[in-house]
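query.csv, holding CSV, C-alpha atoms:
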chain,number,residue,atom,x,y,z
A,245,GLN,CA,-9.0,1.1,-14.4
A,246,ARG,CA,-5.2,1.7,-14.3
A,247,ALA,CA,-3.9,4.2,-11.8
A,248,SER,CA,-3.9,7.7,-13.2
A,249,GLY,CA,-0.9,9.9,-12.9
A,250,ALA,CA,1.2,8.2,-10.3
A,251,PHE,CA,-1.0,5.1,-9.3
A,252,ALA,CA,-4.4,2.0,-8.9
A,253,ALA,CA,-6.7,0.1,-6.7
A,254,VAL,CA,-9.6,-2.7,-6.8
A,255,GLY,CA,-9.5,-10.3,-4.1
A,256,SER,CA,-11.0,-12.4,-1.4
A,257,PRO,CA,-13.8,-11.9,1.1
A,258,ILE,CA,-12.3,-10.6,4.3
A,259,LEU,CA,-13.8,-10.2,7.8
A,260,ARG,CA,-11.8,-9.6,11.0
A,261,THR,CA,-13.8,-8.6,14.1
A,262,ARG,CA,-12.2,-10.1,17.1
A,263,GLY,CA,-9.8,-8.4,19.5
A,264,ALA,CA,-9.8,-5.2,21.6
A,265,PRO,CA,-9.3,-1.8,20.0
A,266,HIS,CA,-5.8,-0.7,19.5
A,267,SER,CA,-4.7,1.8,22.2
A,268,THR,CA,-3.0,5.0,21.1
A,269,SER,CA,-0.5,4.4,23.9
A,270,MET,CA,0.6,1.1,22.4
A,271,PRO,CA,3.4,1.0,19.8
A,272,ASN,CA,2.3,0.9,16.2
A,273,PRO,CA,2.4,-2.5,14.5
A,274,ILE,CA,5.4,-3.4,12.3
A,275,ALA,CA,4.9,-5.0,8.9
A,276,THR,CA,7.6,-7.5,7.8
A,277,MET,CA,7.6,-7.7,4.0
A,278,GLU,CA,9.7,-10.7,2.8
A,279,THR,CA,10.6,-10.1,-0.9
A,280,SER,CA,12.7,-12.1,-3.3
A,281,MET,CA,15.3,-9.3,-2.9
A,282,GLY,CA,15.3,-9.1,0.9
A,283,VAL,CA,13.3,-8.1,3.9
A,284,ILE,CA,11.7,-4.7,4.4
A,285,LYS,CA,10.1,-3.7,7.7
A,286,ALA,CA,7.7,-0.8,8.1
A,287,GLU,CA,5.9,0.9,10.9
A,288,ILE,CA,2.2,1.1,10.1
A,289,PHE,CA,0.6,4.3,11.4
A,290,LEU,CA,-2.5,2.8,13.1
A,291,ASP,CA,-2.5,5.7,15.5
A,292,LYS,CA,-2.7,8.4,12.8
A,293,MET,CA,-4.4,6.5,9.9
A,294,PRO,CA,-6.6,3.9,11.5
A,295,ILE,CA,-8.9,3.0,8.6
A,296,THR,CA,-6.1,2.9,6.0
A,297,ALA,CA,-3.7,1.0,8.4
A,298,SER,CA,-6.5,-1.5,9.4
A,299,ASN,CA,-7.3,-2.2,5.8
A,300,PHE,CA,-3.6,-3.0,5.1
A,301,ILE,CA,-3.3,-5.1,8.2
A,302,ASP,CA,-6.4,-7.1,7.3
A,303,LEU,CA,-5.1,-7.8,3.8
A,304,ALA,CA,-1.7,-8.8,5.2
A,305,ASN,CA,-3.1,-11.1,7.9
A,306,THR,CA,-5.4,-12.9,5.4
A,307,GLY,CA,-2.5,-13.6,3.0
A,308,PHE,CA,-3.8,-11.2,0.3
A,309,TYR,CA,-0.4,-9.8,-0.5
A,310,ASP,CA,1.6,-13.1,-0.5
A,311,GLY,CA,2.8,-14.1,-4.0
A,312,ILE,CA,2.1,-10.7,-5.6
A,313,HIS,CA,4.9,-9.0,-7.6
A,314,PHE,CA,5.9,-5.4,-7.7
A,315,HIS,CA,4.3,-4.3,-11.0
A,316,ARG,CA,5.7,-0.7,-11.3
A,317,VAL,CA,9.2,0.4,-10.4
A,318,ILE,CA,10.5,3.9,-11.3
A,319,LYS,CA,13.9,5.0,-10.3
A,320,ASP,CA,14.0,8.3,-8.3
A,321,PHE,CA,10.3,8.0,-7.7
A,322,MET,CA,8.7,4.9,-6.2
A,323,LEU,CA,7.9,1.2,-6.0
A,324,GLN,CA,4.3,0.2,-6.6
A,325,PHE,CA,2.7,-3.0,-5.3
A,326,GLY,CA,-0.5,-4.7,-4.1
A,327,CYS,CA,-2.4,-5.6,-7.2
A,328,PRO,CA,-3.6,-9.2,-7.1
A,329,LYS,CA,-3.5,-9.5,-10.9
A,330,ALA,CA,0.3,-9.1,-10.5
A,331,LYS,CA,0.6,-12.6,-9.2
A,332,ASP,CA,1.4,-13.1,-12.8
A,333,PRO,CA,4.4,-10.7,-13.1
A,334,LYS,CA,3.8,-10.3,-16.9
A,335,SER,CA,0.0,-9.7,-16.7
A,336,ARG,CA,-1.2,-6.8,-18.8
A,337,SER,CA,-3.9,-6.2,-16.1
A,338,ALA,CA,-1.3,-5.6,-13.4
A,339,GLY,CA,-2.2,-2.3,-11.7
A,340,THR,CA,-6.0,-2.6,-12.2
A,341,GLY,CA,-6.9,-5.0,-9.3
A,342,GLY,CA,-7.7,-4.8,-5.6
A,343,PRO,CA,-9.8,-6.4,-2.9
A,344,GLU,CA,-13.2,-8.0,-3.6
A,345,GLY,CA,-16.0,-5.6,-3.4
A,346,ASN,CA,-18.5,-5.3,-0.5
A,347,THR,CA,-16.1,-7.0,2.0
A,348,THR,CA,-15.6,-5.9,5.6
A,349,PHE,CA,-12.7,-5.4,7.9
A,350,THR,CA,-12.3,-3.9,11.4
A,351,ASN,CA,-11.0,-0.5,12.3
A,352,LEU,CA,-8.5,-1.7,14.9
A,353,ALA,CA,-8.5,1.7,16.6
A,354,THR,CA,-12.2,1.7,17.3
A,355,ASN,CA,-13.2,-2.0,16.8
A,356,GLN,CA,-15.9,-0.8,14.4
A,357,PRO,CA,-16.6,-2.6,11.0
A,358,ILE,CA,-15.6,-0.8,7.8
A,359,LYS,CA,-17.1,-1.9,4.5
A,360,ARG,CA,-15.3,-1.7,1.2
A,361,ASP,CA,-17.4,-0.4,-1.6
A,362,ARG,CA,-18.5,-2.6,-4.6
A,363,GLY,CA,-15.1,-1.9,-6.2
A,364,GLY,CA,-13.2,-3.0,-3.2
A,365,ASN,CA,-12.2,0.5,-2.2
A,366,ILE,CA,-12.0,2.2,1.2
A,367,PRO,CA,-12.9,5.7,2.3
A,368,ASP,CA,-10.2,8.3,1.9
A,369,GLU,CA,-8.6,9.2,5.2
A,370,HIS,CA,-7.1,12.7,5.1
A,371,LEU,CA,-6.3,13.0,8.8
A,372,ALA,CA,-2.5,13.3,9.4
A,373,ARG,CA,-0.4,15.8,7.4
A,374,MET,CA,2.4,13.3,6.6
A,375,SER,CA,4.4,14.0,3.5
A,376,ASN,CA,5.4,11.5,0.9
A,377,GLU,CA,9.0,11.4,2.1
A,378,PRO,CA,11.6,8.7,1.2
A,379,GLY,CA,10.7,5.4,2.7
A,380,THR,CA,7.0,6.2,3.3
A,381,LEU,CA,4.2,3.9,2.3
A,382,SER,CA,1.4,5.7,0.6
A,383,MET,CA,-2.0,4.6,-0.9
A,384,ALA,CA,-2.3,4.3,-4.6
A,385,ASN,CA,-5.6,5.3,-6.2
A,386,THR,CA,-7.1,6.1,-9.6
A,387,GLY,CA,-7.2,9.9,-9.0
A,388,GLN,CA,-10.8,9.8,-8.0
A,389,PRO,CA,-12.1,10.2,-4.4
A,390,ASN,CA,-12.4,7.0,-2.3
A,391,SER,CA,-10.6,4.8,-5.0
A,392,GLY,CA,-7.8,3.2,-2.9
A,393,GLY,CA,-8.0,-0.5,-2.2
A,394,SER,CA,-5.0,-2.8,-1.7
A,395,GLN,CA,-2.3,-1.1,-3.8
A,396,PHE,CA,0.3,1.1,-2.3
A,397,PHE,CA,3.7,2.5,-3.1
A,398,ILE,CA,7.0,3.1,-1.3
A,399,ASN,CA,8.5,6.5,-2.0
A,400,THR,CA,12.2,6.4,-2.9
A,401,VAL,CA,12.5,10.2,-3.0
A,402,HIS,CA,10.5,13.1,-1.5
A,403,ASN,CA,7.4,13.2,-3.7
A,404,ASP,CA,5.6,16.1,-1.9
A,405,PHE,CA,3.5,16.8,-5.0
A,406,LEU,CA,1.6,13.6,-4.1
A,407,ASP,CA,0.6,14.8,-0.7
A,408,TYR,CA,-3.2,15.1,-0.3
A,409,PHE,CA,-2.7,18.5,1.2
A,410,SER,CA,-0.6,19.8,-1.7
A,411,PRO,CA,-2.2,22.1,-4.3
A,412,GLY,CA,-2.0,19.5,-7.1
A,413,GLN,CA,-4.4,16.8,-8.3
A,414,SER,CA,-2.7,13.9,-6.7
A,415,LYS,CA,-4.0,12.9,-3.3
A,416,HIS,CA,-2.0,10.0,-1.8
A,417,PRO,CA,-2.1,9.6,2.0
A,418,VAL,CA,0.8,8.2,3.8
A,419,PHE,CA,0.1,5.3,6.2
A,420,GLY,CA,3.5,3.9,7.1
A,421,LYS,CA,7.3,4.2,6.9
A,422,VAL,CA,10.2,1.8,6.3
A,423,VAL,CA,12.1,1.3,9.6
A,424,GLU,CA,14.5,-1.4,8.3
A,425,GLY,CA,15.5,-2.6,4.9
A,426,MET,CA,15.8,0.7,3.0
A,427,ASP,CA,18.8,-0.9,1.3
A,428,VAL,CA,16.4,-3.5,-0.1
A,429,VAL,CA,14.0,-0.7,-1.3
A,430,LYS,CA,17.0,0.9,-3.2
A,431,LYS,CA,18.0,-2.5,-4.7
A,432,ILE,CA,14.5,-3.0,-6.0
A,433,GLU,CA,14.4,0.6,-7.3
A,434,ALA,CA,17.6,-0.1,-9.2
A,435,THR,CA,16.3,-3.2,-11.0
A,436,ARG,CA,16.0,-3.1,-14.7
A,437,THR,CA,12.5,-2.4,-16.0
A,438,ASP,CA,10.7,-2.7,-19.3
A,439,ALA,CA,8.8,-0.1,-21.3
A,440,ASN,CA,5.8,-0.4,-18.8
A,441,ASP,CA,8.1,0.2,-15.7
A,442,SER,CA,7.7,-3.5,-14.8
A,443,PRO,CA,10.8,-5.3,-13.5
A,444,VAL,CA,12.5,-7.4,-16.2
A,445,THR,CA,13.4,-9.9,-13.5
A,446,PRO,CA,10.2,-10.2,-11.4
A,447,VAL,CA,10.4,-9.0,-7.8
A,448,LYS,CA,8.0,-11.1,-5.7
A,449,MET,CA,6.4,-10.5,-2.3
A,450,ILE,CA,6.8,-13.8,-0.7
A,451,LYS,CA,5.0,-13.0,2.5
A,452,VAL,CA,3.7,-10.0,4.6
A,453,THR,CA,3.2,-10.4,8.3
A,454,VAL,CA,2.2,-7.8,10.8
A,455,ALA,CA,3.1,-7.9,14.5
Could you render the structure from this file as structure tokens?
Amino acid sequence: QRASGAFAAVGSPILRTRGAPHSTSMPNPIATMETSMGVIKAEIFLDKMPITASNFIDLANTGFYDGIHFHRVIKDFMLQFGCPKAKDPKSRSAGTGGPEGNTTFTNLATNQPIKRDRGGNIPDEHLARMSNEPGTLSMANTGQPNSGGSQFFINTVHNDFLDYFSPGQSKHPVFGKVVEGMDVVKKIEATRTDANDSPVTPVKMIKVTVA
């Protein structure tokens, strides 16, 4: 199912249970996203969005995102990424994939296990009222409740109509923000795209690490 309106979500069995819970007094983790067009670093809001952030961190730490291409780029809107089917940059199924269903990851704030549903999706987390401002990372979904998995987008403008607390249909919670490499985001945004908003010259995520 392709993302409706703005965005989509549905990989590999994942289990991560070791380690002490993340303390709210500790700095949030930083994700380093090495792309074929440069490096982007983003703060991941584990303190405010523990389930969504922990899901992202788990996927990053297991190499899920490595080798995937940005499959949807729209100028003055956003960059969408995270579909495993987009390892082939020209796949017609790009935008319809996500983590394997019924897999488990750890909520790093509580050390409690969280199970993805049979479609690989995680529970919606409407906790912090953070708007879809430029540079924020936000969860993609199908428009249905609890339909986010691995796909997310980086806002390039203020898309407040996507806020889960806005009056519209779109409900896309923010879970991080670019702290370095916004120039790379803008370079990707400016790349030429085809009729499906896919970059003509593929933009690859070489590796994502979180520290």
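For the pair CA of Lys415 (chain A) and CA of Ala372 (chain A), the interatomic distance is 12.8 Å.
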### Query
Nearest to Asn299 (chain A) among A:Lys319, A:His313, A:Arg360, A:Lys451, with distances taken over all atoms listed in the file: which residue is it?
A:Arg360
### Query
Which of these residues is nearest to Thr437 (chain A), using only C-alpha atoms: A:Gly393, A:Pro333, A:Pro343, A:Pro271?
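Closest residue, counting only C-alpha atoms: A:Pro333.
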### Query
Of the candidates A:Ala353, A:Met322, A:Asn390, A:Lys431, which one gets nearest to Glu377 (chain A) if we count only C-alpha atoms?
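The answer is A:Met322, which sits nearest to Glu377 (chain A).
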### Task
Work out how far apart CA of Leu352 (chain A) and CA of Thr380 (chain A) are and give it in Å to one decimal.
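Separation of CA of Leu352 (chain A) and CA of Thr380 (chain A): 20.9 Å.
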### Using all atoms listed in the file: which of A:Asp310, A:Glu433, A:Glu424, A:Asp407 has the shortest distance to Val283 (chain A)
A:Glu424
### Message
I need the residue nearest Gly425 (chain A) from this list: A:Gln388, A:Met277, A:Asn272, A:Asn305. Use all atoms listed in the file for the distance.
### Response
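Closest to Gly425 (chain A), using all atoms listed in the file: A:Met277.
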### Query
CA of Thr279 (chain A) and CA of Ala338 (chain A), how far apart in Å?
17.8 Å
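Shortest separation to Ile284 (chain A) among A:Thr348, A:Pro367, A:Ser298, A:Gly379 occurs at residue A:Gly379, atoms counted being only C-alpha atoms.
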